[in-house]
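Colleague: Mind having a look at this structure? Questions to follow.
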Amino acid sequence: SSDVCSSDLVDAKSRRAYITNSFDGTVSVLDTGTGALLQSVPVGEGPSAIAVDTLTHLVFVANTKGNSVSILDGKANRILRTGVLAGGN
């Protein structure tokens, strides 16, 4: 199932929190058990919302300024792809 969109979101199954950083175009990945920063993943310009599929651990990031969506592999904390939306830049 997919959790609702937000600028920060927790995947309870993987114990990871995802926080958008619109100022530098990244998503911070935190371990919810320790609070440690696991990784800062470059996504696109102006990330502003996140949705997490808790079954596949895919993380979808809306990049408002870049008019794009980035898909992260939530297990490996890496970008699978970023696609510009139709009519975008």
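By convention in this document, the chains of the structure tokens carry letters A, B, ... by their order, each chain's residues are numbered from 1, and ligands are numbered from 1 in the order they are shown.
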Tell me which protein, DNA and RNA residues are within 7 Å of stretch 18-20 of chain A, counting only C-alpha atoms, leaving out same-chain ones fewer than 5 positions away, and put them as a PDB file with N, CA and C atoms, in the first residue's frame.

Modeller:
```
ATOM      1  N   SER A   7       5.782  16.179   2.885  1.00  0.00           N
ATOM      2  CA  SER A   7       7.166  16.590   2.673  1.00  0.00           C
ATOM      3  C   SER A   7       8.119  15.712   3.483  1.00  0.00           C
ATOM      4  N   ASP A   8       7.571  14.923   4.390  1.00  0.00           N
ATOM      5  CA  ASP A   8       8.358  13.928   5.116  1.00  0.00           C
ATOM      6  C   ASP A   8       7.453  12.733   5.374  1.00  0.00           C
ATOM      7  N   LEU A   9       8.041  11.554   5.354  1.00  0.00           N
ATOM      8  CA  LEU A   9       7.241  10.345   5.458  1.00  0.00           C
ATOM      9  C   LEU A   9       8.067   9.231   6.081  1.00  0.00           C
ATOM     10  N   VAL A  10       7.407   8.329   6.806  1.00  0.00           N
ATOM     11  CA  VAL A  10       8.078   7.202   7.448  1.00  0.00           C
ATOM     12  C   VAL A  10       7.581   5.904   6.831  1.00  0.00           C
ATOM     13  N   THR A  26      17.630  17.393  -2.500  1.00  0.00           N
ATOM     14  CA  THR A  26      17.926  16.054  -1.977  1.00  0.00           C
ATOM     15  C   THR A  26      16.785  15.549  -1.095  1.00  0.00           C
ATOM     16  N   VAL A  27      16.848  14.257  -0.803  1.00  0.00           N
ATOM     17  CA  VAL A  27      15.987  13.633   0.201  1.00  0.00           C
ATOM     18  C   VAL A  27      16.902  13.010   1.241  1.00  0.00           C
ATOM     19  N   SER A  28      16.694  13.374   2.506  1.00  0.00           N
ATOM     20  CA  SER A  28      17.453  12.770   3.597  1.00  0.00           C
ATOM     21  C   SER A  28      16.765  11.481   4.011  1.00  0.00           C
ATOM     22  N   VAL A  29      17.558  10.431   4.200  1.00  0.00           N
ATOM     23  CA  VAL A  29      17.042   9.142   4.647  1.00  0.00           C
ATOM     24  C   VAL A  29      17.567   8.918   6.060  1.00  0.00           C
ATOM     25  N   LEU A  30      16.638   8.773   7.005  1.00  0.00           N
ATOM     26  CA  LEU A  30      17.000   8.599   8.411  1.00  0.00           C
ATOM     27  C   LEU A  30      16.579   7.221   8.911  1.00  0.00           C
ATOM     28  N   PRO A  47      12.416  19.323  -4.478  1.00  0.00           N
ATOM     29  CA  PRO A  47      11.569  18.235  -3.974  1.00  0.00           C
ATOM     30  C   PRO A  47      10.624  18.769  -2.902  1.00  0.00           C
ATOM     31  N   SER A  48       9.336  18.412  -3.031  1.00  0.00           N
ATOM     32  CA  SER A  48       8.359  19.003  -2.114  1.00  0.00           C
ATOM     33  C   SER A  48       7.372  18.006  -1.520  1.00  0.00           C
TER      34      SER A  48
END
```

Colleague: May I have the residues within 12 Å of A:Ala76 as an MDAnalysis selection string, using only C-alpha atoms and disregarding those fewer than 3 positions away in the same chain?

Modeller: chainID A and resid 14 16 29 38:39 41 56:59 71:73 79:80

Colleague: Would you write out those residues with N, CA, C and O atoms, as a compact mmCIF listing (two decimals), in the first residue's frame?

Modeller:
```
# COMPACT_ATOMS: atom_id res chain seq x y z
N SER A 14 10.48 -0.60 6.97
CA SER A 14 11.94 -0.55 6.79
C SER A 14 12.61 0.33 7.84
O SER A 14 13.83 0.45 7.86
N ARG A 16 12.63 3.58 8.11
CA ARG A 16 13.31 4.71 7.49
C ARG A 16 12.35 5.88 7.36
O ARG A 16 11.17 5.71 7.08
N VAL A 29 17.56 10.43 4.20
CA VAL A 29 17.04 9.14 4.65
C VAL A 29 17.57 8.92 6.06
O VAL A 29 18.78 8.90 6.29
N LEU A 38 21.23 8.24 7.27
CA LEU A 38 21.82 7.14 6.51
C LEU A 38 22.41 7.63 5.20
O LEU A 38 23.45 7.18 4.76
N GLN A 39 21.69 8.58 4.57
CA GLN A 39 22.15 9.06 3.27
C GLN A 39 21.36 10.29 2.88
O GLN A 39 20.22 10.48 3.29
N VAL A 41 20.15 11.75 -0.65
CA VAL A 41 20.04 11.30 -2.04
C VAL A 41 19.64 12.47 -2.95
O VAL A 41 18.60 13.08 -2.74
N THR A 56 6.74 -2.40 -1.77
CA THR A 56 7.92 -2.48 -2.64
C THR A 56 9.08 -1.62 -2.15
O THR A 56 10.19 -1.74 -2.64
N HIS A 57 8.80 -0.75 -1.18
CA HIS A 57 9.78 0.22 -0.65
C HIS A 57 10.26 1.18 -1.73
O HIS A 57 11.37 1.70 -1.64
N LEU A 58 9.41 1.43 -2.71
CA LEU A 58 9.72 2.48 -3.69
C LEU A 58 9.26 3.81 -3.11
O LEU A 58 8.20 3.90 -2.47
N VAL A 59 10.08 4.83 -3.32
CA VAL A 59 9.80 6.16 -2.81
C VAL A 59 9.63 7.09 -4.00
O VAL A 59 10.51 7.16 -4.86
N ILE A 71 12.04 8.45 -8.66
CA ILE A 71 11.70 7.19 -8.00
C ILE A 71 12.97 6.65 -7.36
O ILE A 71 13.98 6.45 -8.04
N LEU A 72 12.91 6.45 -6.05
CA LEU A 72 14.04 5.91 -5.30
C LEU A 72 13.78 4.47 -4.93
O LEU A 72 12.65 4.09 -4.62
N ASP A 73 14.84 3.68 -4.91
CA ASP A 73 14.82 2.35 -4.33
C ASP A 73 15.05 2.56 -2.84
O ASP A 73 16.15 2.93 -2.43
N ILE A 79 18.58 6.47 -6.60
CA ILE A 79 17.60 6.86 -7.62
C ILE A 79 17.51 5.77 -8.68
O ILE A 79 18.53 5.31 -9.20
N LEU A 80 16.30 5.39 -9.00
CA LEU A 80 16.09 4.47 -10.12
C LEU A 80 15.91 5.26 -11.40
O LEU A 80 16.42 4.90 -12.45
```

Colleague: Any chance you could list, as a tab-separated table (two decimals) with N, CA, C and O atoms, in the first residue's frame, the residues in chain A that come up strand (DSSP E) when DSSP is run on the backbone?

Modeller:
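And here is the file that came out, out_19.tsv:
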```tsv
chain	number	residue	atom	x	y	z
A	8	ASP	N	7.57	14.92	4.39
A	8	ASP	CA	8.36	13.93	5.12
A	8	ASP	C	7.45	12.73	5.37
A	8	ASP	O	6.26	12.88	5.55
A	9	LEU	N	8.04	11.55	5.35
A	9	LEU	CA	7.24	10.34	5.46
A	9	LEU	C	8.07	9.23	6.08
A	9	LEU	O	9.27	9.17	5.89
A	10	VAL	N	7.41	8.33	6.81
A	10	VAL	CA	8.08	7.20	7.45
A	10	VAL	C	7.58	5.90	6.83
A	10	VAL	O	6.38	5.71	6.65
A	11	ASP	N	8.53	5.03	6.49
A	11	ASP	CA	8.21	3.66	6.08
A	11	ASP	C	8.46	2.80	7.31
A	11	ASP	O	9.61	2.47	7.62
A	16	ARG	N	12.63	3.58	8.11
A	16	ARG	CA	13.31	4.71	7.49
A	16	ARG	C	12.35	5.88	7.36
A	16	ARG	O	11.17	5.71	7.08
A	17	ALA	N	12.89	7.07	7.57
A	17	ALA	CA	12.14	8.30	7.37
A	17	ALA	C	12.76	9.03	6.18
A	17	ALA	O	13.98	9.03	6.01
A	18	TYR	N	11.91	9.64	5.37
A	18	TYR	CA	12.35	10.37	4.18
A	18	TYR	C	11.92	11.82	4.32
A	18	TYR	O	10.74	12.09	4.56
A	19	ILE	N	12.86	12.72	4.18
A	19	ILE	CA	12.59	14.15	4.35
A	19	ILE	C	13.11	14.90	3.14
A	19	ILE	O	14.29	14.78	2.78
A	20	THR	N	12.23	15.70	2.52
A	20	THR	CA	12.64	16.49	1.36
A	20	THR	C	13.45	17.70	1.81
A	20	THR	O	13.17	18.30	2.85
A	21	ASN	N	14.45	18.03	1.03
A	21	ASN	CA	15.28	19.22	1.26
A	21	ASN	C	15.23	20.05	-0.02
A	21	ASN	O	16.07	19.90	-0.91
A	26	THR	N	17.63	17.39	-2.50
A	26	THR	CA	17.93	16.05	-1.98
A	26	THR	C	16.79	15.55	-1.09
A	26	THR	O	15.91	16.31	-0.69
A	27	VAL	N	16.85	14.26	-0.80
A	27	VAL	CA	15.99	13.63	0.20
A	27	VAL	C	16.90	13.01	1.24
A	27	VAL	O	17.82	12.25	0.90
A	28	SER	N	16.69	13.37	2.51
A	28	SER	CA	17.45	12.77	3.60
A	28	SER	C	16.77	11.48	4.01
A	28	SER	O	15.54	11.44	4.16
A	29	VAL	N	17.56	10.43	4.20
A	29	VAL	CA	17.04	9.14	4.65
A	29	VAL	C	17.57	8.92	6.06
A	29	VAL	O	18.78	8.90	6.29
A	30	LEU	N	16.64	8.77	7.00
A	30	LEU	CA	17.00	8.60	8.41
A	30	LEU	C	16.58	7.22	8.91
A	30	LEU	O	15.55	6.70	8.49
A	31	ASP	N	17.37	6.66	9.82
A	31	ASP	CA	17.00	5.44	10.52
A	31	ASP	C	16.10	5.86	11.68
A	31	ASP	O	16.54	6.63	12.55
A	37	LEU	N	21.38	9.83	10.25
A	37	LEU	CA	21.26	10.11	8.82
A	37	LEU	C	21.98	9.00	8.07
A	37	LEU	O	23.18	8.80	8.23
A	38	LEU	N	21.23	8.24	7.27
A	38	LEU	CA	21.82	7.14	6.51
A	38	LEU	C	22.41	7.63	5.20
A	38	LEU	O	23.45	7.18	4.76
A	39	GLN	N	21.69	8.58	4.57
A	39	GLN	CA	22.15	9.06	3.27
A	39	GLN	C	21.36	10.29	2.88
A	39	GLN	O	20.22	10.48	3.29
A	40	SER	N	21.99	11.13	2.06
A	40	SER	CA	21.31	12.26	1.43
A	40	SER	C	21.33	11.97	-0.07
A	40	SER	O	22.39	11.92	-0.68
A	41	VAL	N	20.15	11.75	-0.65
A	41	VAL	CA	20.04	11.30	-2.04
A	41	VAL	C	19.64	12.47	-2.95
A	41	VAL	O	18.60	13.08	-2.74
A	42	PRO	N	20.47	12.80	-3.95
A	42	PRO	CA	20.08	13.84	-4.90
A	42	PRO	C	18.90	13.37	-5.74
A	42	PRO	O	18.90	12.25	-6.23
A	47	PRO	N	12.42	19.32	-4.48
A	47	PRO	CA	11.57	18.24	-3.97
A	47	PRO	C	10.62	18.77	-2.90
A	47	PRO	O	11.05	19.50	-2.01
A	48	SER	N	9.34	18.41	-3.03
A	48	SER	CA	8.36	19.00	-2.11
A	48	SER	C	7.37	18.01	-1.52
A	48	SER	O	6.71	18.32	-0.55
A	49	ALA	N	7.25	16.82	-2.10
A	49	ALA	CA	6.30	15.83	-1.58
A	49	ALA	C	6.84	14.43	-1.82
A	49	ALA	O	7.57	14.20	-2.77
A	50	ILE	N	6.45	13.51	-0.93
A	50	ILE	CA	6.93	12.13	-1.00
A	50	ILE	C	5.76	11.18	-0.79
A	50	ILE	O	4.86	11.45	0.01
A	51	ALA	N	5.79	10.06	-1.50
A	51	ALA	CA	4.87	8.95	-1.25
A	51	ALA	C	5.73	7.69	-1.21
A	51	ALA	O	6.69	7.56	-1.97
A	52	VAL	N	5.41	6.79	-0.30
A	52	VAL	CA	6.17	5.54	-0.15
A	52	VAL	C	5.24	4.36	-0.33
A	52	VAL	O	4.17	4.30	0.27
A	53	ASP	N	5.65	3.43	-1.19
A	53	ASP	CA	4.93	2.17	-1.32
A	53	ASP	C	5.58	1.21	-0.32
A	53	ASP	O	6.71	0.77	-0.52
A	58	LEU	N	9.41	1.43	-2.71
A	58	LEU	CA	9.72	2.48	-3.69
A	58	LEU	C	9.26	3.81	-3.11
A	58	LEU	O	8.20	3.90	-2.47
A	59	VAL	N	10.08	4.83	-3.32
A	59	VAL	CA	9.80	6.16	-2.81
A	59	VAL	C	9.63	7.09	-4.00
A	59	VAL	O	10.51	7.16	-4.86
A	60	PHE	N	8.51	7.78	-4.06
A	60	PHE	CA	8.20	8.69	-5.17
A	60	PHE	C	8.32	10.12	-4.67
A	60	PHE	O	7.69	10.47	-3.67
A	61	VAL	N	9.13	10.91	-5.36
A	61	VAL	CA	9.39	12.28	-4.93
A	61	VAL	C	8.95	13.25	-6.01
A	61	VAL	O	9.39	13.16	-7.16
A	62	ALA	N	8.06	14.19	-5.65
A	62	ALA	CA	7.64	15.24	-6.58
A	62	ALA	C	8.62	16.39	-6.48
A	62	ALA	O	8.84	16.95	-5.40
A	63	ASN	N	9.25	16.73	-7.61
A	63	ASN	CA	10.21	17.82	-7.68
A	63	ASN	C	9.51	19.01	-8.36
A	63	ASN	O	9.43	19.07	-9.58
A	68	SER	N	9.23	17.39	-12.25
A	68	SER	CA	9.59	15.99	-12.47
A	68	SER	C	9.23	15.15	-11.25
A	68	SER	O	8.89	15.67	-10.19
A	69	VAL	N	9.32	13.83	-11.44
A	69	VAL	CA	9.14	12.88	-10.35
A	69	VAL	C	10.34	11.95	-10.33
A	69	VAL	O	10.75	11.43	-11.37
A	70	SER	N	10.92	11.78	-9.15
A	70	SER	CA	12.04	10.85	-8.98
A	70	SER	C	11.53	9.61	-8.25
A	70	SER	O	10.70	9.71	-7.35
A	71	ILE	N	12.04	8.45	-8.66
A	71	ILE	CA	11.70	7.19	-8.00
A	71	ILE	C	12.97	6.65	-7.36
A	71	ILE	O	13.98	6.45	-8.04
A	72	LEU	N	12.91	6.45	-6.05
A	72	LEU	CA	14.04	5.91	-5.30
A	72	LEU	C	13.78	4.47	-4.93
A	72	LEU	O	12.65	4.09	-4.62
A	73	ASP	N	14.84	3.68	-4.91
A	73	ASP	CA	14.82	2.35	-4.33
A	73	ASP	C	15.05	2.56	-2.84
A	73	ASP	O	16.15	2.93	-2.43
A	78	ARG	N	18.89	4.70	-3.49
A	78	ARG	CA	19.44	5.24	-4.73
A	78	ARG	C	18.31	5.54	-5.70
A	78	ARG	O	17.25	4.94	-5.64
A	79	ILE	N	18.58	6.47	-6.60
A	79	ILE	CA	17.60	6.86	-7.62
A	79	ILE	C	17.51	5.77	-8.68
A	79	ILE	O	18.53	5.31	-9.20
A	80	LEU	N	16.30	5.39	-9.00
A	80	LEU	CA	16.09	4.47	-10.12
A	80	LEU	C	15.91	5.26	-11.40
A	80	LEU	O	16.42	4.90	-12.45
A	81	ARG	N	15.15	6.38	-11.29
A	81	ARG	CA	14.97	7.26	-12.45
A	81	ARG	C	14.29	8.55	-12.01
A	81	ARG	O	13.61	8.58	-10.99
A	82	THR	N	14.50	9.57	-12.82
A	82	THR	CA	13.79	10.85	-12.67
A	82	THR	C	13.21	11.17	-14.03
A	82	THR	O	13.93	11.14	-15.03
A	83	GLY	N	11.92	11.43	-14.07
A	83	GLY	CA	11.26	11.74	-15.34
A	83	GLY	C	10.58	13.09	-15.29
A	83	GLY	O	9.94	13.44	-14.30
A	84	VAL	N	10.76	13.86	-16.36
A	84	VAL	CA	10.09	15.16	-16.49
A	84	VAL	C	8.64	14.90	-16.87
A	84	VAL	O	8.35	14.06	-17.72
```

Colleague: Mind giving me the straight-line distance from atom CA of A:Gly44 to atom CA of A:Lys65 in Å, one decimal?

Modeller: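 Between these atoms lies a distance of 8.2 Å.
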
Colleague: Atom CA of A:Lys13 and atom CA of A:Asn77, how far apart in Å?

Modeller: 14.9 Å

Colleague: Measuring between only C-alpha atoms, which one of A:Gly66, A:Gly25, A:Gly33, A:Gly46 shows the shortest distance to A:Ala86?

Modeller: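 Result for the nearest residue to A:Ala86: A:Gly66.
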